[in-house]
Amino acid sequence: MKEDLAITTEYLKEKGFDQPEIGIILGTGLGKLVEQIDIEKEISYNHIPHFPTATVEFHQGKFIYGELGGKKVVVMQGRFHFYEGYSLQDVTFPVRIMKELGIQKLLVSNAAGAINKTYKKGDLMLIDDHINLQGGSPLAFKGVSQFGERFVDMSAPYDAEMNAKFKAIAKENNITLHEGIYASVVGPQLETRAEYRYLGIIGADAVGMSTVPEIIVANHLKLPVSAISVLTDECDPDNLQAVNVEEIIAIANQAEPKLVKLFSELIKSFE
């Protein structure tokens, strides 16, 4: 991995990805933040050496560099998932690349299902903690200690200072921002009624198929990270509707301006 990281990082630096301060990962239906960026460079994933290629039809698959809120940012427009057949090391390779390029903070977004019955479609949830149900770890490989401490502390995986700023910005802008626990499953199938009940019992407020591997690697790299879920469906096992992916994406699109506002204002607040 070390050699691959060096080759990929050098390639991106040669293409003008110069010392970004903030890394951003955009999830399903959450690409409009890019419209707020003064874009200087963008490269499709399939042109970047050793990069995975996004296989999900509604993920753009671009690495973008530019300026947002007075800060240099590097953005993943479309992420990778374990369910696409990649290893957890592949899924998190871009996080390591962003750190090699120079980012000091990482912001993550995703689309998720609401387990907490008080949450509604289109609401946002700031992730305070998570439950890893993906059956593996992106740190479970030989030689991991070359990249950081093997036994990473996860007592507070989400940065308290950034989370507090997110809550303050939401309050100032009258944006409903829940705070809760995100459960990450493999997918790509959606959950059964029994699985939704189980997720509620173990303390999950929302469920999705991403984010946790990236958070683990950010902590491995001692990179402050914060994440927000856009809640695109209500997972009430007693009133469960058949999944409609088009509706999920439409709801993510409708909620996206609130997410853009939160991310933009947070980045402006960084010194």
# chains A, B, ... in the order shown; residues from 1 in each chain; ligands from 1
$ select_by_dssp --residues "region 32-239 of chain A" --states "strand (DSSP E or B)" --output "JSON, numbers by chain"
{"A": [38, 39, 40, 41, 42, 43, 44, 62, 63, 64, 65, 66, 67, 68, 71, 72, 73, 74, 75, 76, 77, 105, 106, 107, 108, 109, 110, 111, 112, 113, 114, 124, 125, 126, 127, 128, 129, 130, 131, 132, 177, 178, 179, 180, 181, 182, 183, 184, 206, 207, 208, 225, 226, 227, 228, 229, 230, 231, 232, 233, 234]}
$ closest_atom_pairs --of "region 146-226 of chain A" --to "region 69-92 of chain A" --cutoff "6 Å" --atoms "only C-alpha atoms" --output "JSON lines"
{"residue": "A:Val186", "atom": "CA", "partner": "A:Tyr83", "partner_atom": "CA", "distance": 5.9}
{"residue": "A:Gly187", "atom": "CA", "partner": "A:Tyr83", "partner_atom": "CA", "distance": 5.8}
{"residue": "A:Pro188", "atom": "CA", "partner": "A:Tyr83", "partner_atom": "CA", "distance": 5.7}
{"residue": "A:Glu214", "atom": "CA", "partner": "A:Thr92", "partner_atom": "CA", "distance": 5.4}
$ closest_residue --among "A:Val95, A:Leu68, A:Leu126, A:Ile216" --to "Glu179 (chain A)" --atoms "only C-alpha atoms"
A:Leu126
$ closest_residue --among "A:Ile7, A:Leu221, A:Leu33, A:Leu12" --to "His50 (chain A)" --atoms "only C-alpha atoms"
A:Ile7
$ atom_distance --atom1 "CA of Ser109 (chain A)" --atom2 "CA of Phe147 (chain A)"
24.8 Å
$ residues_around --residues "Leu101 (chain A)" --least-positions-apart "2" --cutoff "6 Å" --atoms "only C-alpha atoms" --output "PyMOL selection string"
chain A and resi 19+98-99
$ residues_around --residues "Gly200 (chain A)" --least-positions-apart "6" --cutoff "12 Å" --atoms "only C-alpha atoms" --output "JSON, numbers by chain"
{"A": [113, 114, 115, 116, 117, 131, 180, 181, 182, 183, 193, 194, 206, 207, 235, 236, 237]}
$ write_last_selection --atoms "N, CA and C atoms" --output "mmCIF file, in the first residue's frame"
data_model
loop_
_atom_site.group_PDB
_atom_site.id
_atom_site.type_symbol
_atom_site.label_atom_id
_atom_site.label_comp_id
_atom_site.auth_asym_id
_atom_site.auth_seq_id
_atom_site.Cartn_x
_atom_site.Cartn_y
_atom_site.Cartn_z
ATOM 1 N N GLY A 113 -31.095 5.582 6.468
ATOM 2 C CA GLY A 113 -32.477 5.335 6.869
ATOM 3 C C GLY A 113 -32.660 5.665 8.341
ATOM 4 N N ALA A 114 -33.792 6.273 8.675
ATOM 5 C CA ALA A 114 -34.070 6.657 10.063
ATOM 6 C C ALA A 114 -34.633 5.465 10.832
ATOM 7 N N ILE A 115 -33.907 5.020 11.838
ATOM 8 C CA ILE A 115 -34.391 3.983 12.753
ATOM 9 C C ILE A 115 -35.184 4.625 13.889
ATOM 10 N N ASN A 116 -34.674 5.751 14.383
ATOM 11 C CA ASN A 116 -35.364 6.501 15.433
ATOM 12 C C ASN A 116 -36.690 7.014 14.882
ATOM 13 N N LYS A 117 -37.785 6.609 15.500
ATOM 14 C CA LYS A 117 -39.112 6.911 14.956
ATOM 15 C C LYS A 117 -39.509 8.376 15.086
ATOM 16 N N ILE A 131 -21.980 2.215 15.150
ATOM 17 C CA ILE A 131 -21.905 0.771 15.377
ATOM 18 C C ILE A 131 -21.454 0.134 14.074
ATOM 19 N N GLY A 180 -27.170 11.604 16.715
ATOM 20 C CA GLY A 180 -27.456 10.215 17.034
ATOM 21 C C GLY A 180 -26.380 9.246 16.613
ATOM 22 N N ILE A 181 -26.751 7.975 16.665
ATOM 23 C CA ILE A 181 -25.826 6.869 16.415
ATOM 24 C C ILE A 181 -26.132 6.238 15.060
ATOM 25 N N TYR A 182 -25.087 6.068 14.270
ATOM 26 C CA TYR A 182 -25.198 5.529 12.916
ATOM 27 C C TYR A 182 -24.694 4.086 12.907
ATOM 28 N N ALA A 183 -25.511 3.184 12.400
ATOM 29 C CA ALA A 183 -25.092 1.791 12.231
ATOM 30 C C ALA A 183 -24.728 1.564 10.772
ATOM 31 N N ARG A 193 -37.714 -6.288 8.330
ATOM 32 C CA ARG A 193 -38.394 -5.711 9.497
ATOM 33 C C ARG A 193 -37.696 -6.132 10.800
ATOM 34 N N ALA A 194 -37.310 -7.415 10.849
ATOM 35 C CA ALA A 194 -36.632 -7.911 12.051
ATOM 36 C C ALA A 194 -35.290 -7.213 12.256
ATOM 37 N N ALA A 206 -29.895 5.601 13.058
ATOM 38 C CA ALA A 206 -29.930 5.591 11.596
ATOM 39 C C ALA A 206 -29.059 4.451 11.103
ATOM 40 N N VAL A 207 -29.321 4.024 9.857
ATOM 41 C CA VAL A 207 -28.555 2.925 9.291
ATOM 42 C C VAL A 207 -28.178 3.250 7.851
ATOM 43 N N CYS A 235 -37.603 3.931 8.704
ATOM 44 C CA CYS A 235 -37.509 2.477 8.791
ATOM 45 C C CYS A 235 -38.315 1.952 9.975
ATOM 46 N N ASP A 236 -39.601 2.147 9.906
ATOM 47 C CA ASP A 236 -40.514 1.676 10.956
ATOM 48 C C ASP A 236 -40.958 0.260 10.604
ATOM 49 N N PRO A 237 -40.504 -0.751 11.327
ATOM 50 C CA PRO A 237 -40.812 -2.135 10.950
ATOM 51 C C PRO A 237 -42.302 -2.461 10.995
#
$ atom_distance --atom1 "CA of Gly61 (chain A)" --atom2 "CA of Val108 (chain A)"
15.5 Å
$ atom_distance --atom1 "CA of Pro20 (chain A)" --atom2 "CA of Leu266 (chain A)"
15.8 Å
$ closest_residue --among "A:Glu67, A:Glu271, A:Asp159, A:Glu256" --to "Lys32 (chain A)" --atoms "only C-alpha atoms"
A:Glu256
